[in-house]
Amino acid sequence: MASLGVIQLMCGEHPLDLNSIKITTTINGRISQTTMDILFFNPQYKSLEGELDFPLPENAVVVGYSYEFEGRLLPASIVEKEKARVTFEKEVRSGGATSLVEHVKGNSFKARIYPIPSHGTKQVQLTYTHDLPSSEEGHIQYRLPFALAADASLEIDIDVLKSDDKPRVTSNLSSVQVEQVGDGWHIRFASTSTKLENFALDLPYSDSDEILIGKKDFGHYDEMYFSIASLVKIPESTVVPSSCDSVAIAWDASFSFSKIDRSTELKLLEILLKNVKNVDLIIFRNVQDPVKNFQNFQIAEILEYLKKVDYDGGTDLENLTFSGNYQKIFLFTDGFSTLSADIPKKVPSAPVYAFINSDVNNFKSLNQFSTSTGGSTFNLKIKKIEKVVEEMSSGGKLNFLSATFNPAEISEVYPNIPTAMDPDEPIRIAGKLVGEEAEISLNFGTDLANIQFSKNFKLKKSDSVGISDIIPRIWASKKLDHLTTEAGDEKDKLMLKLGRKYGIVTPNASLLVLTTLDQYIQHKIKPSKDALPQLYDEWSQRKVKLQDENNLKKKNKLDKVYQWWSSRKQWWSVQYDSKFEDLYLRNNPLPTIRAPPGSHTKILTEEEATAAAEKSFVPQLRESPQQPVSRSRKSDSPSAPLASASNSMCAPPPPPSAYESAPMLKSAAPMMDDMFAAPMSAAPQKEMKSKVMKKKMAKEESFEEEERCDDGDQAGNKDSILDENSEKTPGSASIGVQVQNWSPDVPYLNRIKAVPVDQQYAKYLEERSAFSDSPAFYLDCCCYFFAEKQKEIGLRIVTNIVELKIEDARLMRIVANQIYQEDMLDQALYLFKLILKLKNEEPQSHRELALVLAAKFEFQLAVNSFNHVLETEWPIRFQHIEDEVIWELNRTLWLAEKAGKSVDISKIDSRFLERLPCDVKVVITWDVDDLCIDLHIHEPSGDKCYYGRHVTSIGGWSTPDYSGCTAYSTAMLREYMVRDGFPGTYHICGNYYSSSRQDLTGGTTIWFTIYTNYMKENEQKQMSVLRLTQASVIPTYQSESQLAVMNYESGELIAKIEEKSKRIRREFEEREAEWKRWEAEEKEIVAGNQEMVKEARKKIENRKKAEKPETQVKIEKTSKVENSDETKPENSENPKIAENSENPKVPENSENPKVPENSEPESPKKKGFFKKLFSK
């Protein structure tokens, strides 16, 4: 026997201790009512919320629930399912005591309890009724549908009424006492510490008809109800042997079957496939595998193939298709479709026989589907395979077809449609008895169209057992089964009304316990009049006053949202052009353009060279100017005149004092404050935190609106290379984005990576055995296989997460976002719709659904969802999510316009309809509320954009902490935008700041989306996912983790700056080439002039030697050396020759060139000095 569902209270992913459980049951015929008193213990250091998932038997109905508060058990009230859950979570968030029981799916239920005090206990009480089935031996069987995995105190008390034969106990428990009491029996077991593996009670079988009549008192009126249980056999004349040649086997290979022993199903198949000639085997999980055909096969061949199947992935029953021409279809599943609807949307022509081998199952849904095809559903946990084969081998399946009665005597009989019958189980019919006496005929047949025989019953009010809750609830449960088969929105209202009237849990009604009158008033929930009469009266008196108070507190939601939107529009309108230039120059300094070289030095004639030689002048090469010259972008001053004639004839002219400069960018001068730091590199995060960065990170004050406006005024600076009226064309920039893949460093993933690629999936399955209940394991592995381009395996792995717990919104959100990233839009849409149903109170659920609808080009539905978010008043923790929704609404309308789709926007406030594109946009969301995740962006400028500095120097905007925001106030969304992107590396970081969740969940899953050219023609979008854990118990805004690195190549403004910069660099290169040519020519000219002057001087010296005595020559040379220090002209270091001097004059004192032309006569002292010098 496979293991039963385990009674275990979970806190997040961690179990709490089960202290004791007491089970009290009353059995009357085939009807049982069981009450479970469960006591839990919390060993943790803080009060926690507990969650109890438990299966109940098929057809069981939860009819009561109580929660211990201040030493007494408080009964629950029936509340609409969504409202009950929202109320429960609000109370948990505010610290109020509350508890909830809800129907999940199939026979699975969930109880949620808060608070369970630290190192304390909490008691709950659950009651359910059940129509008992037959055992394998043909007895009536009562069975506990759960087990106890750990030692706990266990007490069982069962009373069997009106039974002569002794019940038989089947259990792992020893010392079970069975005693006869009056006309019935009492069964008891008690132990202070034991494990419960299974417990079943076999009761004497009776094939007699069972008729129950009872009354329900509704206060001002009452109603009489009846129930008939009759065991009906097919007459021998109608039995026709059945055989088939071609069948299809649909085998559920999803993860939910990985821990289930399927040997029973294989044994059944071995019998069913005898004499079958053709088999199509369909393996299905998150997707359907290609059909594998077997012809002329050995049965063992199919069985061995099935034994090797890997059970992995979610379940998609809705898209299960049967394309062959089959006589029968065998469907092996538990009936839970975690990725789609629970039944195939294409009904096959062949009868479907469904087989269940799991304690947690969706029998009702499967049975309705199989019956509609002419087949049936079998629960192999209850029925032996021999009985299954016997029923399937007979030619006909008996069906209840209809009931015939007088409407004046009997009303509302259910079921009222053809229903497949189990030959070993009685058919139960329920209705309302109006007359004092009545007759009713039940009609049966193997053919759905023809009545083959009938069975008649007489009913009398005088046979009533009196006031009874059980019999009316039997009728209510039968009507509930009927309503689940109907389509339309009206059935939900009827089901809710039914649950409230008869006190039963329905698919859309839950049992909620509130502990104070204020809670009922605050959440507008009516207490149960029967269970809480005093509280009901007080609530009725205060209801009228409360309605008047609420009318006075209503606000105009759209006006408030428009104020927020106006603030965003103001940010978007600010220009940051001048700052872009400053920052750009820091990373890309421009060269200095030198002045034009001007004219060359004049080439000397022979006469000019001789004159220069007579002055004893040696010309020098002029060097080109190197220092930058201050200039204005609008300077148009003419070049300065050349040097005068008094300058040397050999040197080039000096640089001009002013010239027409090339257009230049603003210099990267120091700013007035410390807004800018050194440019960030793509280095690891530890290297990013320079002293300047740390200094800025210490600032938590955000920019005020006035400062942003002042910054915007600088955009019109005349020194900017950008024209003030330059048009910004959307999508004109060249943009490249590279997102750093997330790869967690965990041992199991490292072991998977270490094996060859073709063995990695097998290694994953091996590792899974140790982490099968961990969502993080599947998320890590799927991300790796996606990164390795193994999309099919990645999708299979991630869909395991929804198999871990039925209809868990958090797990669904993880899978839905991941498959949305992989463009599996149909399955993502189904999950997001289900999330919305489970979490309708969260605006994020509406937003996520709208995004997927827009991706599927269902623009009208997407716009309607966005508008719902704008118009609805949400709790304060979701404040300002409307800001992001307005951007996404306008983007959806833009996409619809591009796609040529018309959208009705008449219901949308026209103030929100404005397209505001931007270059860069980053959005992060996460899987659950009650967490505060911060988005930190390290910009290329060195600035950091986060909630404490939400507007940066380049115009970056990040979600701030709004007025009234607390550490736990979060809309499950943070965003970053910059209208005009600055090139460089953006480090995208997240900070798990805090959590107010009352469980031990640990990390959270983050999705981030990066847009470039948002709402522009060449828009690009990249999505990714990762896990983030809380950095520390004490939150700090610096405890961040890097999510991604984005390299942004260019933006519109930067593109214009770069174009100007390229033009300046080209001009610089051209000017430098011109200077090189000029300098080479100048060097050649000066060298020639120098050579001519040297030659002329030699001639002069030779001529003077011939004219003067040798002694005189020596004296003159000595005198020349001395006088050269005393009478050297001021400009002798750099003598120049005027370019306009064609016939330069040679000074009269050329024989003594050291004496200036207008010098005074030599003084006597100086003459005496020369005499003494000569005498020596």
# chains A, B, ... in the order shown; residues from 1 in each chain; ligands from 1
>>> residues_around(residues="Val79 of chain A", least_positions_apart="2", cutoff="8 Å", atoms="only C-alpha atoms", output="PyMOL selection string")
chain A and resi 77+81+83-84+500+509-512+525
>>> select_by_dssp(residues="segment 777-879 of chain A", states="alpha helix (DSSP H)", output="number ranges by chain")
A: 777-787, 791-798, 809-821, 825-838, 843-855, 859-871
>>> residues_around(residues="segment 900-915 of chain A", least_positions_apart="4", cutoff="8 Å", atoms="only C-alpha atoms", output="number ranges by chain")
A: 558, 562, 565, 859-860, 867, 886-887, 890-891, 893-894, 896, 1015
>>> closest_residue(among="A:Leu590, A:Tyr992, A:Ile797, A:Gly598", to="Arg1063 of chain A", atoms="only C-alpha atoms")
A:Leu590
>>> atom_distance(atom1="atom CA of Tyr784 of chain A", atom2="atom CA of Ile924 of chain A")
20.5 Å
>>> atom_distance(atom1="atom CA of Ile234 of chain A", atom2="atom CA of Ser365 of chain A")
25.0 Å
>>> residues_around(residues="Phe189 of chain A", least_positions_apart="6", cutoff="8 Å", atoms="only C-alpha atoms", output="list of chain:residue names")
A:Leu154, A:Glu155, A:Ile156, A:Asp157, A:Ser175, A:Val176, A:Gln177
>>> write_last_selection(atoms="C-alpha atoms", output="PDB file, in the first residue's frame")
ATOM      1  CA  LEU A 154      -2.958   9.527  19.306  1.00  0.00           C
ATOM      2  CA  GLU A 155      -6.491   8.813  20.490  1.00  0.00           C
ATOM      3  CA  ILE A 156      -9.229   7.200  18.349  1.00  0.00           C
ATOM      4  CA  ASP A 157     -12.887   6.772  19.376  1.00  0.00           C
ATOM      5  CA  SER A 175      -4.074  -3.022  21.287  1.00  0.00           C
ATOM      6  CA  VAL A 176      -7.103  -1.572  19.512  1.00  0.00           C
ATOM      7  CA  GLN A 177     -10.165  -2.206  21.700  1.00  0.00           C
TER       8      GLN A 177
END
>>> residues_around(residues="Asp422 of chain A", least_positions_apart="3", cutoff="10 Å", atoms="only C-alpha atoms", output="list of chain:residue names")
A:Leu231, A:Val232, A:Lys233, A:Ser376, A:Thr377, A:Phe378, A:Val388, A:Glu391, A:Lys397, A:Leu398, A:Asn399, A:Thr419, A:Glu425, A:Pro426, A:Ile427
>>> closest_residue(among="A:Gln879, A:Asn750, A:Ser441, A:Asn1089", to="Glu608 of chain A", atoms="only C-alpha atoms")
A:Asn1089
